[in-house]
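J.: Structure file start-v5.txt (compact mmCIF, C-alpha atoms) is given on the next line.
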```txt
# COMPACT_ATOMS: atom_id res chain seq x y z
CA MET A 29 86.94 120.00 116.50
CA ILE A 30 85.47 119.51 113.04
CA ASP A 31 82.49 117.34 113.95
CA ALA A 32 81.80 115.67 117.28
CA ASP A 33 78.85 113.63 116.02
CA VAL A 34 79.83 111.50 113.03
CA GLU A 35 78.16 108.37 111.74
CA LEU A 36 80.32 105.39 110.82
CA LEU A 37 79.75 103.38 107.65
CA PRO A 38 78.15 99.98 108.17
CA PHE A 39 80.80 97.29 108.63
CA ASP A 40 79.65 95.36 105.53
CA GLN A 41 80.54 98.42 103.42
CA ILE A 42 83.97 98.54 105.04
CA MET A 43 84.44 94.85 104.18
CA GLU A 44 83.50 95.53 100.53
CA VAL A 45 86.22 98.18 100.36
CA ALA A 46 88.71 95.79 102.00
CA ASP A 47 87.80 92.93 99.64
CA HIS A 48 88.56 95.12 96.63
CA LEU A 49 91.59 97.01 97.90
CA LEU A 50 93.51 94.64 100.18
CA PRO A 51 94.82 92.57 97.22
CA LEU A 52 95.83 95.81 95.46
CA SER A 53 97.82 96.93 98.50
CA LEU A 54 100.20 94.00 97.93
CA THR A 55 100.72 94.39 94.17
CA TYR A 56 104.18 95.86 94.74
CA LEU A 57 105.28 92.27 95.49
CA GLU A 58 104.12 90.92 92.13
CA GLY A 59 106.88 89.58 89.97
CA ARG A 60 109.09 88.95 92.98
CA SER A 61 107.16 86.01 94.33
CA LEU A 62 105.83 82.66 93.19
CA THR A 63 103.02 82.70 95.72
CA LEU A 64 101.78 85.28 98.15
CA ARG A 65 99.36 84.69 100.99
CA CYS A 66 98.00 87.29 103.37
CA ASP A 67 96.05 86.18 106.42
CA ILE A 68 94.07 88.87 108.23
CA THR A 69 93.83 87.81 111.87
CA GLN A 70 92.45 91.00 113.44
CA ILE A 71 90.28 93.91 112.36
CA ARG A 72 90.27 96.78 114.85
CA LEU A 73 88.32 100.00 115.12
CA GLY A 74 90.42 102.86 116.44
CA TYR A 75 91.58 106.39 115.74
CA MET A 76 94.36 107.79 113.61
CA ARG A 77 95.84 111.27 113.44
CA VAL A 78 95.64 112.61 109.89
CA GLN A 79 96.56 115.95 108.39
CA CYS A 80 93.72 118.43 107.92
CA ILE A 81 92.93 118.99 104.24
CA ASN A 82 92.71 122.77 104.55
CA ASP A 83 95.72 123.17 106.86
CA PRO A 84 98.48 120.52 106.72
CA THR A 85 100.07 122.02 109.84
CA LYS A 86 97.09 120.73 111.88
CA LEU A 87 96.03 117.18 112.69
CA GLN A 88 92.64 115.62 113.37
CA LEU A 89 91.57 112.31 114.87
CA VAL A 90 89.67 110.11 112.42
CA PRO A 91 87.95 106.81 113.26
CA VAL A 92 89.56 104.01 111.20
CA TRP A 93 89.38 100.27 110.67
CA ASP A 94 92.80 98.58 110.65
CA PHE A 95 93.47 95.13 109.19
CA PHE A 96 96.31 93.21 110.87
CA GLY A 97 97.80 89.80 110.13
CA SER A 98 100.65 87.95 108.51
CA ARG A 99 102.09 87.53 105.04
CA LYS A 100 103.81 84.52 103.48
CA ILE A 101 105.89 84.82 100.33
CA ASP A 102 107.46 81.98 98.37
CA SER A 103 110.03 83.28 95.90
CA GLU A 104 112.61 81.80 93.59
CA TYR A 105 116.20 82.95 93.24
CA ASP A 106 118.92 81.16 91.25
CA GLY A 107 116.68 78.11 90.86
CA GLU A 108 115.99 77.74 94.59
CA THR A 109 112.72 78.46 96.36
CA TYR A 110 112.72 80.55 99.51
CA SER A 111 109.88 81.09 101.95
CA ASP A 112 109.40 84.11 104.16
CA THR A 113 106.58 84.48 106.67
CA THR A 114 106.16 87.86 108.29
CA ASP A 115 103.87 88.41 111.24
CA TRP A 116 103.52 92.07 112.13
CA PRO A 117 100.95 92.30 114.92
CA THR A 118 101.16 96.11 115.02
CA TRP A 119 101.51 96.86 111.29
CA SER A 120 98.25 97.50 109.46
CA PHE A 121 97.98 95.96 106.00
CA LEU A 122 95.09 98.30 105.24
CA THR A 123 93.63 101.34 107.02
CA ILE A 124 90.12 102.44 106.04
CA ASN A 125 88.45 105.67 107.14
CA ALA A 126 85.40 104.46 109.09
CA VAL A 127 83.34 107.54 108.15
CA ASP A 128 83.72 107.70 104.36
CA GLY A 129 85.44 104.43 103.36
CA SER A 130 88.54 106.08 101.90
CA ILE A 131 91.95 104.47 102.25
CA ILE A 132 94.48 106.12 104.53
CA ASP A 133 98.18 105.63 103.87
CA ARG A 134 99.75 105.41 107.32
CA SER A 135 103.22 106.20 105.97
CA LEU A 136 101.98 109.51 104.50
CA GLY A 137 99.66 110.40 107.37
CA TYR A 138 96.53 110.92 105.29
```
Can I see the file as structure tokens?
T.:
Amino acid sequence: MIDADVELLPFDQIMEVADHLLPLSLTYLEGRSLTLRCDITQIRLGYMRVQCINDPTKLQLVPVWDFFGSRKIDSEYDGETYSDTTDWPTWSFLTINAVDGSIIDRSLGY
């Protein structure tokens, strides 16, 4: 156990981080779409296992805020417009460390 008594950042600070970084988390779709809309429908406080900085063979539980929702993309291909709406109720668009406000990449584990 690293620290049993941690203080979480105020939620308004978490929202400031999300406001700035959520649009950046979708930039990989730029150029492929005409319009992109992301609707956050749930924000949940929970825990995530992340690798320890000093020992990547060990994991620690970190309190995190996860942002869930849906994404709608309108794209054009060969002169035709296609729409795709994706609703992933268990896929987090953004995961923020609730203690320090850093972003956690769930696919990397830290």
J.: Quick one: what's the axis-aligned box for stretch 75-83 of chain A, all listed atoms, 3 Å on every side, centre and edges in Å to one decimal, as lines of an AutoDock Vina configuration file?
T.:
```
center_x = 94.1
center_y = 114.8
center_z = 110.0
size_x = 11.0
size_y = 22.8
size_z = 17.5
```
J.: For a cut-off of 9 Å around (90.4, 99.3, 113.7), file coordinates, pick out all residues using all atoms listed in the file and list them as a PyMOL selection string.
T.: chain A and resi 70-75+91-96+123-124+126
J.: Counting only C-alpha atoms, which of A:Val127, A:Asp133, A:Trp119, A:Thr63 gets nearest to A:Asp33?
T.: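 Of A:Val127, A:Asp133, A:Trp119, A:Thr63, the one nearest A:Asp33 is A:Val127, counting only C-alpha atoms.
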J.: So that I can see what lies close to A:Leu57, please list as a ChimeraX atom specification the residues with an atom at most 12 Å from it, counting all atoms listed in the file and leaving out residues fewer than 3 positions away in the same chain.
T.: /A:51-54,60-66,99-103
J.: What's the separation between atom CA of A:Arg134 and atom CA of A:Cys80, in Å to one decimal place?
T.: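 Between atom CA of A:Arg134 and atom CA of A:Cys80 the gap works out to 14.4 Å.
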J.: Give me, please, the distance in Å between atom CA of A:Ser98 and atom CA of A:Thr113, quoted to one decimal.
T.: 7.1 Å
J.: Identify which of the residues A:Gly129, A:Pro84, A:Gly137, A:Gly97 lies closest to A:Pro38, counting all atoms listed in the file when measuring atom-to-atom distances.
T.: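 Nearest candidate to A:Pro38 out of A:Gly129, A:Pro84, A:Gly137, A:Gly97: A:Gly129.
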J.: Which one of A:Val78, A:Asp31, A:Leu37, A:Asp83 sits closest to A:Ile132 if you count only C-alpha atoms?
T.: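 Checking each of A:Val78, A:Asp31, A:Leu37, A:Asp83 against A:Ile132, counting only C-alpha atoms, the winner is A:Val78.
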J.: Do you know which residues are at most 8 Å from A:Gln88 counting all atoms listed in the file, after dropping those on the same chain fewer than 2 positions away, and could you put them as a PyMOL selection string?
T.: chain A and resi 29+77-80+86+90
J.: Can you measure atom CA of A:Asp115 to atom CA of A:Gln41 for me? One decimal in Å is fine.
T.: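 Atom-to-atom, atom CA of A:Asp115 and atom CA of A:Gln41 are spaced 26.6 Å apart.
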